[in-house]
file query-v9.cif (mmCIF, C-alpha atoms and all ligand atoms)
data_work
loop_
_atom_site.label_atom_id
_atom_site.label_comp_id
_atom_site.auth_asym_id
_atom_site.auth_seq_id
_atom_site.Cartn_x
_atom_site.Cartn_y
_atom_site.Cartn_z
CA MET B 568 136.59 172.63 35.84
CA SER B 569 136.23 176.13 37.29
CA ARG B 570 135.90 176.52 41.05
CA CYS B 571 132.18 177.16 40.76
CA GLU B 572 131.57 174.21 38.41
CA LEU B 573 133.52 171.87 40.65
CA MET B 574 131.72 173.12 43.77
CA ASN B 575 128.34 172.58 42.07
CA LYS B 576 129.36 169.07 41.02
CA ILE B 577 130.38 168.32 44.63
CA SER B 578 127.05 169.66 45.92
CA GLN B 579 125.11 167.51 43.45
CA ILE B 580 126.94 164.28 44.26
CA GLN B 581 126.86 165.08 47.97
CA PHE B 582 123.12 165.63 47.77
CA VAL B 583 122.69 162.12 46.37
CA CYS B 584 124.80 160.82 49.27
CA VAL B 585 122.72 162.70 51.88
CA GLU B 586 119.50 161.41 50.35
CA LEU B 587 120.75 157.79 50.15
CA ASN B 588 122.20 157.99 53.68
CA LEU B 589 118.80 158.99 55.12
CA TYR B 590 117.02 156.33 53.07
CA ILE B 591 119.46 153.61 54.14
CA ASN B 592 119.02 154.62 57.81
CA THR B 593 115.45 153.31 57.69
CA HIS B 594 116.13 150.62 55.00
CA PRO B 595 119.45 149.10 56.15
CA ASP B 596 118.86 145.89 54.15
CA ASP B 597 118.48 147.55 50.74
CA THR B 598 121.67 146.30 49.06
CA ASP B 599 121.01 148.22 45.81
CA ALA B 600 120.86 151.48 47.75
CA ILE B 601 124.04 150.59 49.62
CA LYS B 602 125.80 149.85 46.34
CA ASP B 603 124.68 153.22 44.94
CA PHE B 604 125.72 154.97 48.12
CA ASN B 605 129.22 153.53 48.02
CA SER B 606 129.70 154.39 44.37
CA TYR B 607 128.51 158.01 44.87
CA SER B 608 130.57 158.25 48.05
CA SER B 609 133.78 157.37 46.20
CA ARG B 610 132.91 159.85 43.40
CA LEU B 611 132.35 162.49 46.11
CA ASN B 612 135.70 161.81 47.72
CA ASN B 613 137.49 162.04 44.37
CA LEU B 614 135.81 165.36 43.58
CA ILE B 615 136.66 166.78 47.02
CA GLU B 616 140.28 165.74 46.54
CA GLU B 617 140.36 167.37 43.11
CA TYR B 618 138.81 170.56 44.54
CA GLU B 619 141.21 170.73 47.46
CA GLN B 620 144.27 170.35 45.22
CA GLU B 621 143.18 173.40 43.19
CA TYR B 622 141.35 175.63 45.66
CA GLY B 623 142.29 174.71 49.23
CA PRO B 624 140.82 172.71 52.11
CA LEU B 625 137.08 172.07 52.41
CA LEU B 626 137.00 170.27 55.77
CA ASN B 627 138.48 171.22 59.14
CA PHE B 628 139.96 169.31 62.09
CA GLY B 629 142.38 167.14 60.16
CA ILE B 630 140.21 165.73 57.37
CA SER B 631 141.74 167.99 54.70
CA PRO B 632 145.47 168.67 54.35
CA ILE B 633 146.42 172.39 54.54
CA ASP B 634 149.13 174.85 53.51
CA THR B 635 150.02 178.00 55.46
CA GLY B 636 146.87 180.03 55.92
CA SER B 637 144.86 178.00 53.43
CA TRP B 638 142.05 177.19 55.91
CA VAL B 639 141.73 180.68 57.38
CA CYS B 640 142.19 182.64 54.16
CA SER B 641 140.03 180.82 51.64
CA GLU B 642 136.53 182.24 51.26
CA TRP B 643 133.82 181.34 53.80
CA PRO B 644 130.34 180.49 52.54
CA PHE B 645 128.82 183.08 54.91
CA GLU B 646 131.08 185.95 53.75
CA MET S 422 132.00 165.43 67.03
CA TRP S 423 131.18 167.52 64.01
CA ILE S 424 133.34 168.44 61.04
CA TYR S 425 132.75 171.77 59.27
CA GLU S 426 132.63 171.73 55.50
CA LYS S 427 133.48 175.10 53.97
CA LYS S 428 130.54 175.22 51.57
CA LEU S 429 126.76 175.58 51.60
CA MET S 430 124.55 172.54 51.11
CA PHE S 431 122.86 174.30 48.17
CA PRO S 432 124.15 177.43 46.43
CA VAL S 433 122.77 180.80 47.57
CA ASN S 434 123.48 183.93 45.55
CA ILE S 435 121.11 186.86 46.13
CA THR S 436 122.44 189.87 44.26
CA ARG S 437 120.09 192.71 45.28
CA PRO S 438 118.86 193.85 48.70
CA ASP S 439 115.35 192.87 49.78
CA LEU S 440 114.72 193.86 53.39
CA LYS S 441 111.15 192.56 53.36
CA MET S 442 112.38 189.07 52.49
CA ALA S 443 115.29 189.36 54.97
CA GLN S 444 112.68 189.96 57.67
CA ALA S 445 110.36 187.20 56.44
CA LEU S 446 113.21 184.66 56.27
CA MET S 447 113.84 185.16 60.00
CA ALA S 448 110.86 182.77 60.43
CA GLN S 449 113.07 179.89 59.30
CA TYR S 450 116.15 181.19 61.13
CA GLY S 451 114.85 181.83 64.65
CA GLY S 452 111.11 181.19 64.57
CA PRO S 453 109.12 178.35 66.19
CA ASP S 454 109.34 176.07 63.13
CA SER S 455 112.81 177.25 62.08
CA GLU S 456 115.70 175.13 60.91
CA LEU S 457 117.36 175.93 64.26
CA ALA S 458 114.39 174.50 66.17
CA ALA S 459 114.39 171.43 63.94
CA GLY S 460 118.10 170.75 64.40
CA LEU S 461 118.02 171.25 68.17
CA ARG S 462 114.89 169.13 68.53
CA TYR S 463 116.24 166.10 66.66
CA LEU S 464 119.74 166.29 68.10
CA THR S 465 118.22 166.44 71.60
CA GLN S 466 115.90 163.51 70.96
CA ARG S 467 118.87 161.32 69.92
CA PHE S 468 119.70 160.57 73.55
CA THR S 469 116.45 158.73 74.21
CA MET S 470 115.53 157.40 70.75
CA PRO S 471 115.31 153.60 70.77
CA ASP S 472 116.31 151.44 67.78
CA ASP S 473 119.49 151.94 65.73
CA ARG S 474 117.58 153.03 62.60
CA CYS S 475 115.66 155.77 64.42
CA ARG S 476 118.72 156.99 66.32
CA ALA S 477 120.62 157.29 63.03
CA THR S 478 117.69 159.15 61.47
CA VAL S 479 117.33 161.83 64.18
CA ASN S 480 121.12 162.24 64.27
CA ASP S 481 121.55 162.66 60.52
CA ILE S 482 118.43 164.76 59.87
CA GLY S 483 119.37 166.93 62.88
CA THR S 484 122.77 167.46 61.28
CA GLU S 485 121.22 168.30 57.89
CA GLU S 486 118.96 170.92 59.55
CA ILE S 487 122.02 172.79 60.82
CA ALA S 488 123.27 173.00 57.22
CA HIS S 489 119.81 174.39 56.25
CA TRP S 490 120.04 176.90 59.10
CA GLU S 491 123.34 178.08 57.68
CA MET S 492 121.74 178.54 54.23
CA ILE S 493 118.92 180.66 55.69
CA GLY S 494 121.45 182.78 57.59
CA VAL S 495 123.37 183.43 54.36
CA MET S 496 120.10 184.28 52.55
CA ILE S 497 119.21 186.86 55.25
CA LYS S 498 122.68 188.35 55.14
CA GLN S 499 122.60 188.61 51.34
CA CYS S 500 119.10 190.16 51.41
CA MET S 501 120.52 192.89 53.69
CA ARG S 502 123.71 193.37 51.66
CA GLY S 503 123.98 196.88 50.26
CA ALA S 504 121.07 198.27 52.30
CA SER S 505 121.79 201.66 53.90
CA VAL S 506 120.96 202.62 57.50
CA GLU S 507 118.20 204.78 56.00
CA ASP S 508 116.79 201.70 54.20
CA LEU S 509 116.92 199.68 57.45
CA LYS S 510 115.26 202.53 59.34
CA ASN S 511 112.33 202.50 56.93
CA SER S 512 111.96 198.72 57.01
CA GLY S 513 110.62 196.14 59.42
CA LEU S 514 114.20 195.51 60.51
CA LEU S 515 114.49 198.81 62.45
CA GLY S 516 114.13 197.05 65.81
CA SER S 517 116.52 194.32 64.77
CA PHE S 518 119.09 196.93 63.67
CA VAL S 519 118.84 198.77 67.01
CA LEU S 520 119.42 195.58 69.01
CA HIS S 521 121.72 193.57 66.75
CA GLY S 522 123.15 195.88 64.09
CA ARG S 523 123.68 193.95 60.88
CA SER S 524 124.16 190.62 62.61
CA VAL S 525 121.90 187.70 61.76
CA PHE S 526 120.31 187.05 65.14
CA PRO S 527 117.97 184.09 65.74
CA SER S 528 114.62 185.87 66.17
CA ASP S 529 111.35 185.49 64.31
CA PRO S 530 110.16 188.16 61.81
CA ASN S 531 108.47 190.04 64.66
CA GLY S 532 111.71 190.22 66.62
CA VAL S 533 110.74 187.56 69.18
CA PRO S 534 114.03 185.86 70.15
CA PHE S 535 114.47 182.13 69.71
CA THR S 536 113.61 179.94 72.70
CA THR S 537 113.86 176.20 73.34
CA ALA S 538 110.24 176.42 74.52
CA TYR S 539 109.53 175.90 70.77
CA ILE S 540 110.81 172.32 70.88
CA GLN S 541 110.05 169.18 72.83
CA SER S 542 111.84 165.97 73.72
CA THR S 543 109.62 163.79 75.87
CA GLY S 544 111.75 160.66 76.01
CA ASP S 545 108.74 158.87 74.50
CA PRO S 546 109.62 157.85 70.94
CA VAL S 547 106.03 157.89 69.62
CA ALA S 548 105.39 161.38 71.02
CA ASP S 549 108.75 162.61 69.74
CA LEU S 550 108.41 161.19 66.24
CA VAL S 551 104.85 162.52 65.86
CA GLU S 552 106.16 165.93 66.94
CA ASP S 553 108.94 165.64 64.34
CA MET S 554 106.47 164.82 61.58
CA ALA S 555 104.34 167.83 62.56
CA ALA S 556 107.46 170.02 62.68
CA GLU S 557 108.36 169.05 59.11
CA GLN S 558 104.85 169.89 57.88
CA LYS S 559 104.88 173.24 59.71
CA ALA S 560 108.24 174.08 58.16
CA ARG S 561 106.89 173.07 54.70
CA ALA S 562 103.89 175.37 55.16
CA THR S 563 106.20 178.21 56.26
CA TYR S 564 108.33 177.73 53.14
CA GLU S 565 105.21 177.89 50.99
CA HIS S 566 104.20 181.15 52.65
CA LEU S 567 107.69 182.55 52.06
CA MET S 568 107.51 181.51 48.40
CA MET S 569 104.24 183.46 47.99
CA LEU S 570 106.04 186.64 49.08
CA THR S 571 108.59 186.87 46.26
CA ASP S 572 109.07 186.24 42.55
CA ASN S 573 112.86 186.59 42.74
CA GLU S 574 114.31 183.33 41.37
CA GLU S 575 117.52 183.89 43.38
CA ILE S 576 115.43 183.58 46.55
CA LEU S 577 112.94 181.01 45.25
CA ARG S 578 115.55 178.45 44.14
CA PRO S 579 116.99 177.73 47.62
CA LEU S 580 113.50 177.96 49.15
CA ARG S 581 112.24 175.26 46.77
CA PHE S 582 115.16 173.03 47.71
CA LEU S 583 114.53 173.53 51.44
CA ARG S 584 110.79 172.92 51.09
CA GLU S 585 111.46 169.60 49.35
CA ARG S 586 113.77 168.51 52.15
CA GLU S 587 110.90 168.91 54.64
CA ILE S 588 108.87 166.44 52.61
CA VAL S 589 111.68 163.86 52.54
CA HIS S 590 112.29 164.27 56.29
CA TYR S 591 108.57 163.82 56.97
CA GLN S 592 108.69 160.56 55.01
CA ARG S 593 111.73 159.26 56.94
CA PHE S 594 110.21 160.16 60.33
CA GLY S 595 107.02 158.36 59.28
CA GLU S 596 109.08 155.23 58.63
CA CYS S 597 110.70 155.63 62.05
CA LEU S 598 107.27 155.85 63.68
CA GLU S 599 106.29 152.57 61.98
CA ILE S 600 109.54 150.95 63.16
CA VAL S 601 108.92 152.05 66.76
CA GLN S 602 105.27 150.96 66.71
CA ASP S 603 106.25 147.53 65.31
CA LEU S 604 108.78 147.15 68.13
CA MET S 605 106.14 148.04 70.72
CA CYS S 606 103.64 145.54 69.30
CA ARG S 607 106.27 142.79 69.47
CA ASP S 608 107.04 143.34 73.19
FE FE B 701 113.63 169.08 57.96
#
call {"tool": "encode", "arguments": {"input": "query-v9.cif", "output": "structure tokens", "more": "lines below"}}
Ligand SMILES: [Fe+2]
result
Amino acid sequence: MSRCELMNKISQIQFVCVELNLYINTHPDDTDAIKDFNSYSSRLNNLIEEYEQEYGPLLNFGISPIDTGSWVCSEWPFE
Amino acid sequence: MWIYEKKLMFPVNITRPDLKMAQALMAQYGGPDSELAAGLRYLTQRFTMPDDRCRATVNDIGTEEIAHWEMIGVMIKQCMRGASVEDLKNSGLLGSFVLHGRSVFPSDPNGVPFTTAYIQSTGDPVADLVEDMAAEQKARATYEHLMMLTDNEEILRPLRFLREREIVHYQRFGECLEIVQDLMCRD
């Protein structure tokens, strides 16, 4: 997948996670929603790992592994 | 603790300058019903929100609002990209340019700087949640006004996404209000 395709895929899956997270906050007993959340969450983590191997770290403060300069030099979304 | 993720929540790619929309978008960047006001309001209310479900909701929606604030900032920056000083001089952003150059400063479209007087945290969960529901509706209305001002799909697409988020947040805050009222009836 190209950088842009992969980023879009991450955004889509992450959106599902955000939406389910907020829903589960007020419906903590909904086991179907929790099952969905966990399955999308693991897909999200796999996609982030795939992205980071190709294009550099996405998350700061120790969540993503880095190479020399890879955090500071890769493009910022507000550039 | 917050972790920064080096991406936008929803893609923004505005390819031609539009200073009118840059100015209008300031409403959601530093105005009374802006994403900044929303984020600050909910993250402040966390400290006195009772019930685990409601605390989680103000925390997580507050966090999402900051990601929306970032999107609006990028939209404003991209709407100003490529505009000359002459263009800025002849636009509604003249005052903003004099004070802040090309920075994206949290003011409303009329140049009024952001103030926390726009938000409230009363420590009373019913008052706070009703305020949050109103805030989401005001932000939805603002997005609809913004959408009336342009037919550029590059601007409309992220605006549609953000407008829909206000509706979902309104729904979740409504559920929180019910939770809090149930708790109060039980005591
Ligand atoms: Fe919202």
call {"tool": "residues_near_ligand", "arguments": {"input": "query-v9.cif", "ligand": "ligand FE 701 (chain B)", "cutoff": "9 Å", "atoms": "only C-alpha atoms and all ligand atoms", "output": "list in words"}}
result
Glu456, Ala459, Gly460, Ile482, Gly483, Glu485, Glu486, His489, Asp553, Ala556, Glu557, Gln558, Ala560, Arg561, Leu583, Arg584, Glu585, Arg586, Glu587, Ile588, Val589, His590 and Tyr591 of chain S
call {"tool": "residues_around", "arguments": {"input": "query-v9.cif", "residues": "segment 568-574 of chain B", "least_positions_apart": "6", "cutoff": "10 Å", "atoms": "all atoms listed in the file", "output": "PyMOL selection string"}}
result
(chain B and resi 614-615+617-618+621-622) or (chain S and resi 428-429+431-432)
call {"tool": "write_last_selection", "arguments": {"input": "query-v9.cif", "atoms": "C-alpha atoms", "output": "short mmCIF file (atom, residue, chain, number, x, y, z; two decimals), in the frame of the given file"}}
result
data_model
loop_
_atom_site.label_atom_id
_atom_site.label_comp_id
_atom_site.auth_asym_id
_atom_site.auth_seq_id
_atom_site.Cartn_x
_atom_site.Cartn_y
_atom_site.Cartn_z
CA LEU B 614 135.81 165.36 43.58
CA ILE B 615 136.66 166.78 47.02
CA GLU B 617 140.36 167.37 43.11
CA TYR B 618 138.81 170.56 44.54
CA GLU B 621 143.18 173.40 43.19
CA TYR B 622 141.35 175.63 45.66
CA LYS S 428 130.54 175.22 51.57
CA LEU S 429 126.76 175.58 51.60
CA PHE S 431 122.86 174.30 48.17
CA PRO S 432 124.15 177.43 46.43
#
call {"tool": "interface_residues", "arguments": {"input": "query-v9.cif", "of": "chain B", "to": "chain S", "cutoff": "12 Å", "atoms": "only C-alpha atoms", "output": "CSV table (one decimal) with C-alpha atoms, in the coordinates of the input"}}
result
chain,number,residue,atom,x,y,z
B,570,ARG,CA,135.9,176.5,41.0
B,571,CYS,CA,132.2,177.2,40.8
B,572,GLU,CA,131.6,174.2,38.4
B,573,LEU,CA,133.5,171.9,40.6
B,574,MET,CA,131.7,173.1,43.8
B,575,ASN,CA,128.3,172.6,42.1
B,576,LYS,CA,129.4,169.1,41.0
B,577,ILE,CA,130.4,168.3,44.6
B,578,SER,CA,127.0,169.7,45.9
B,579,GLN,CA,125.1,167.5,43.4
B,580,ILE,CA,126.9,164.3,44.3
B,581,GLN,CA,126.9,165.1,48.0
B,582,PHE,CA,123.1,165.6,47.8
B,583,VAL,CA,122.7,162.1,46.4
B,584,CYS,CA,124.8,160.8,49.3
B,585,VAL,CA,122.7,162.7,51.9
B,586,GLU,CA,119.5,161.4,50.4
B,587,LEU,CA,120.8,157.8,50.2
B,588,ASN,CA,122.2,158.0,53.7
B,589,LEU,CA,118.8,159.0,55.1
B,590,TYR,CA,117.0,156.3,53.1
B,591,ILE,CA,119.5,153.6,54.1
B,592,ASN,CA,119.0,154.6,57.8
B,593,THR,CA,115.4,153.3,57.7
B,594,HIS,CA,116.1,150.6,55.0
B,595,PRO,CA,119.4,149.1,56.2
B,596,ASP,CA,118.9,145.9,54.2
B,615,ILE,CA,136.7,166.8,47.0
B,618,TYR,CA,138.8,170.6,44.5
B,619,GLU,CA,141.2,170.7,47.5
B,622,TYR,CA,141.4,175.6,45.7
B,623,GLY,CA,142.3,174.7,49.2
B,624,PRO,CA,140.8,172.7,52.1
B,625,LEU,CA,137.1,172.1,52.4
B,626,LEU,CA,137.0,170.3,55.8
B,627,ASN,CA,138.5,171.2,59.1
B,628,PHE,CA,140.0,169.3,62.1
B,629,GLY,CA,142.4,167.1,60.2
B,630,ILE,CA,140.2,165.7,57.4
B,631,SER,CA,141.7,168.0,54.7
B,637,SER,CA,144.9,178.0,53.4
B,638,TRP,CA,142.0,177.2,55.9
B,639,VAL,CA,141.7,180.7,57.4
B,640,CYS,CA,142.2,182.6,54.2
B,641,SER,CA,140.0,180.8,51.6
B,642,GLU,CA,136.5,182.2,51.3
B,643,TRP,CA,133.8,181.3,53.8
B,644,PRO,CA,130.3,180.5,52.5
B,645,PHE,CA,128.8,183.1,54.9
B,646,GLU,CA,131.1,186.0,53.8
call {"tool": "residues_near_point", "arguments": {"input": "query-v9.cif", "point": "(114.0, 181.3, 50.9)", "cutoff": "10 Å", "atoms": "all atoms listed in the file", "output": "number ranges by chain"}}
result
S: 433, 442-443, 445-447, 449, 492-493, 496-497, 563-568, 570-571, 573-584
call {"tool": "atom_distance", "arguments": {"input": "query-v9.cif", "atom1": "atom CA of Ser609 of chain B", "atom2": "atom CA of Ile633 of chain B"}}
result
21.3 Å
call {"tool": "closest_residue", "arguments": {"input": "query-v9.cif", "among": "S:Leu440, S:Leu457, S:Val533, S:Leu598", "to": "Met554 of chain S", "atoms": "only C-alpha atoms"}}
result
S:Leu598
call {"tool": "atom_distance", "arguments": {"input": "query-v9.cif", "atom1": "atom CA of Leu550 of chain S", "atom2": "atom CA of Ala448 of chain S"}}
result
22.5 Å
call {"tool": "atom_distance", "arguments": {"input": "query-v9.cif", "atom1": "atom CA of Met569 of chain S", "atom2": "atom CA of Lys441 of chain S"}}
result
12.6 Å
call {"tool": "decode", "arguments": {"input": "query-v9.cif", "residues": "segment 584-595 of chain B", "atoms": "all heavy atoms", "output": "compact mmCIF listing (two decimals), in the first residue's frame"}}
result
# COMPACT_ATOMS: atom_id res chain seq x y z
N CYS B 584 -12.72 2.75 15.95
CA CYS B 584 -12.30 2.59 17.35
C CYS B 584 -12.75 3.78 18.21
O CYS B 584 -13.23 3.58 19.33
CB CYS B 584 -10.78 2.43 17.45
SG CYS B 584 -10.20 0.87 16.76
N VAL B 585 -12.59 5.01 17.70
CA VAL B 585 -13.02 6.19 18.45
C VAL B 585 -14.52 6.10 18.73
O VAL B 585 -14.99 6.29 19.86
CB VAL B 585 -12.71 7.49 17.66
CG1 VAL B 585 -13.39 8.70 18.30
CG2 VAL B 585 -11.21 7.73 17.57
N GLU B 586 -15.26 5.78 17.67
CA GLU B 586 -16.72 5.72 17.78
C GLU B 586 -17.16 4.65 18.79
O GLU B 586 -18.01 4.89 19.64
CB GLU B 586 -17.27 5.45 16.37
CG GLU B 586 -18.73 5.57 16.22
CD GLU B 586 -19.29 6.96 16.44
OE1 GLU B 586 -18.71 7.73 17.23
OE2 GLU B 586 -20.33 7.26 15.86
N LEU B 587 -16.54 3.45 18.69
CA LEU B 587 -16.90 2.37 19.62
C LEU B 587 -16.46 2.70 21.05
O LEU B 587 -17.18 2.43 22.01
CB LEU B 587 -16.26 1.04 19.17
CG LEU B 587 -16.97 0.34 18.00
CD1 LEU B 587 -16.10 -0.78 17.44
CD2 LEU B 587 -18.33 -0.21 18.43
N ASN B 588 -15.30 3.33 21.18
CA ASN B 588 -14.80 3.73 22.50
C ASN B 588 -15.83 4.64 23.19
O ASN B 588 -16.22 4.40 24.34
CB ASN B 588 -13.46 4.45 22.30
CG ASN B 588 -12.80 4.90 23.59
OD1 ASN B 588 -13.46 5.24 24.56
ND2 ASN B 588 -11.50 4.93 23.61
N LEU B 589 -16.31 5.67 22.47
CA LEU B 589 -17.28 6.59 23.08
C LEU B 589 -18.58 5.87 23.40
O LEU B 589 -19.19 6.11 24.44
CB LEU B 589 -17.56 7.77 22.13
CG LEU B 589 -16.39 8.73 21.82
CD1 LEU B 589 -16.88 9.91 20.99
CD2 LEU B 589 -15.70 9.22 23.07
N TYR B 590 -19.00 4.98 22.51
CA TYR B 590 -20.24 4.24 22.75
C TYR B 590 -20.11 3.35 23.98
O TYR B 590 -21.00 3.31 24.84
CB TYR B 590 -20.61 3.41 21.50
CG TYR B 590 -21.75 2.45 21.74
CD1 TYR B 590 -23.07 2.88 21.69
CD2 TYR B 590 -21.49 1.11 22.05
CE1 TYR B 590 -24.12 2.00 21.94
CE2 TYR B 590 -22.53 0.23 22.31
CZ TYR B 590 -23.84 0.68 22.26
OH TYR B 590 -24.87 -0.19 22.52
N ILE B 591 -18.97 2.67 24.08
CA ILE B 591 -18.76 1.73 25.20
C ILE B 591 -18.65 2.50 26.53
O ILE B 591 -19.06 1.99 27.58
CB ILE B 591 -17.52 0.84 24.94
CG1 ILE B 591 -17.81 -0.12 23.78
CG2 ILE B 591 -17.14 0.03 26.19
CD1 ILE B 591 -16.58 -0.78 23.19
N ASN B 592 -18.15 3.75 26.47
CA ASN B 592 -18.09 4.55 27.71
C ASN B 592 -19.45 4.63 28.40
O ASN B 592 -19.54 4.52 29.61
CB ASN B 592 -17.61 5.98 27.41
CG ASN B 592 -16.11 6.06 27.18
OD1 ASN B 592 -15.39 5.10 27.40
ND2 ASN B 592 -15.65 7.21 26.74
N THR B 593 -20.50 4.82 27.60
CA THR B 593 -21.83 4.93 28.22
C THR B 593 -22.61 3.60 28.17
O THR B 593 -23.71 3.52 28.69
CB THR B 593 -22.67 6.04 27.55
OG1 THR B 593 -22.69 5.83 26.14
CG2 THR B 593 -22.11 7.43 27.85
N HIS B 594 -22.05 2.57 27.50
CA HIS B 594 -22.69 1.24 27.45
C HIS B 594 -21.65 0.18 27.80
O HIS B 594 -21.34 -0.69 26.97
CB HIS B 594 -23.26 0.95 26.06
CG HIS B 594 -24.25 1.96 25.58
ND1 HIS B 594 -23.88 3.19 25.06
CD2 HIS B 594 -25.60 1.94 25.53
CE1 HIS B 594 -24.96 3.87 24.72
NE2 HIS B 594 -26.02 3.15 25.00
N PRO B 595 -21.09 0.23 29.02
CA PRO B 595 -19.97 -0.67 29.34
C PRO B 595 -20.33 -2.16 29.36
O PRO B 595 -19.43 -3.00 29.34
CB PRO B 595 -19.50 -0.20 30.72
CG PRO B 595 -20.59 0.64 31.26
CD PRO B 595 -21.41 1.14 30.13
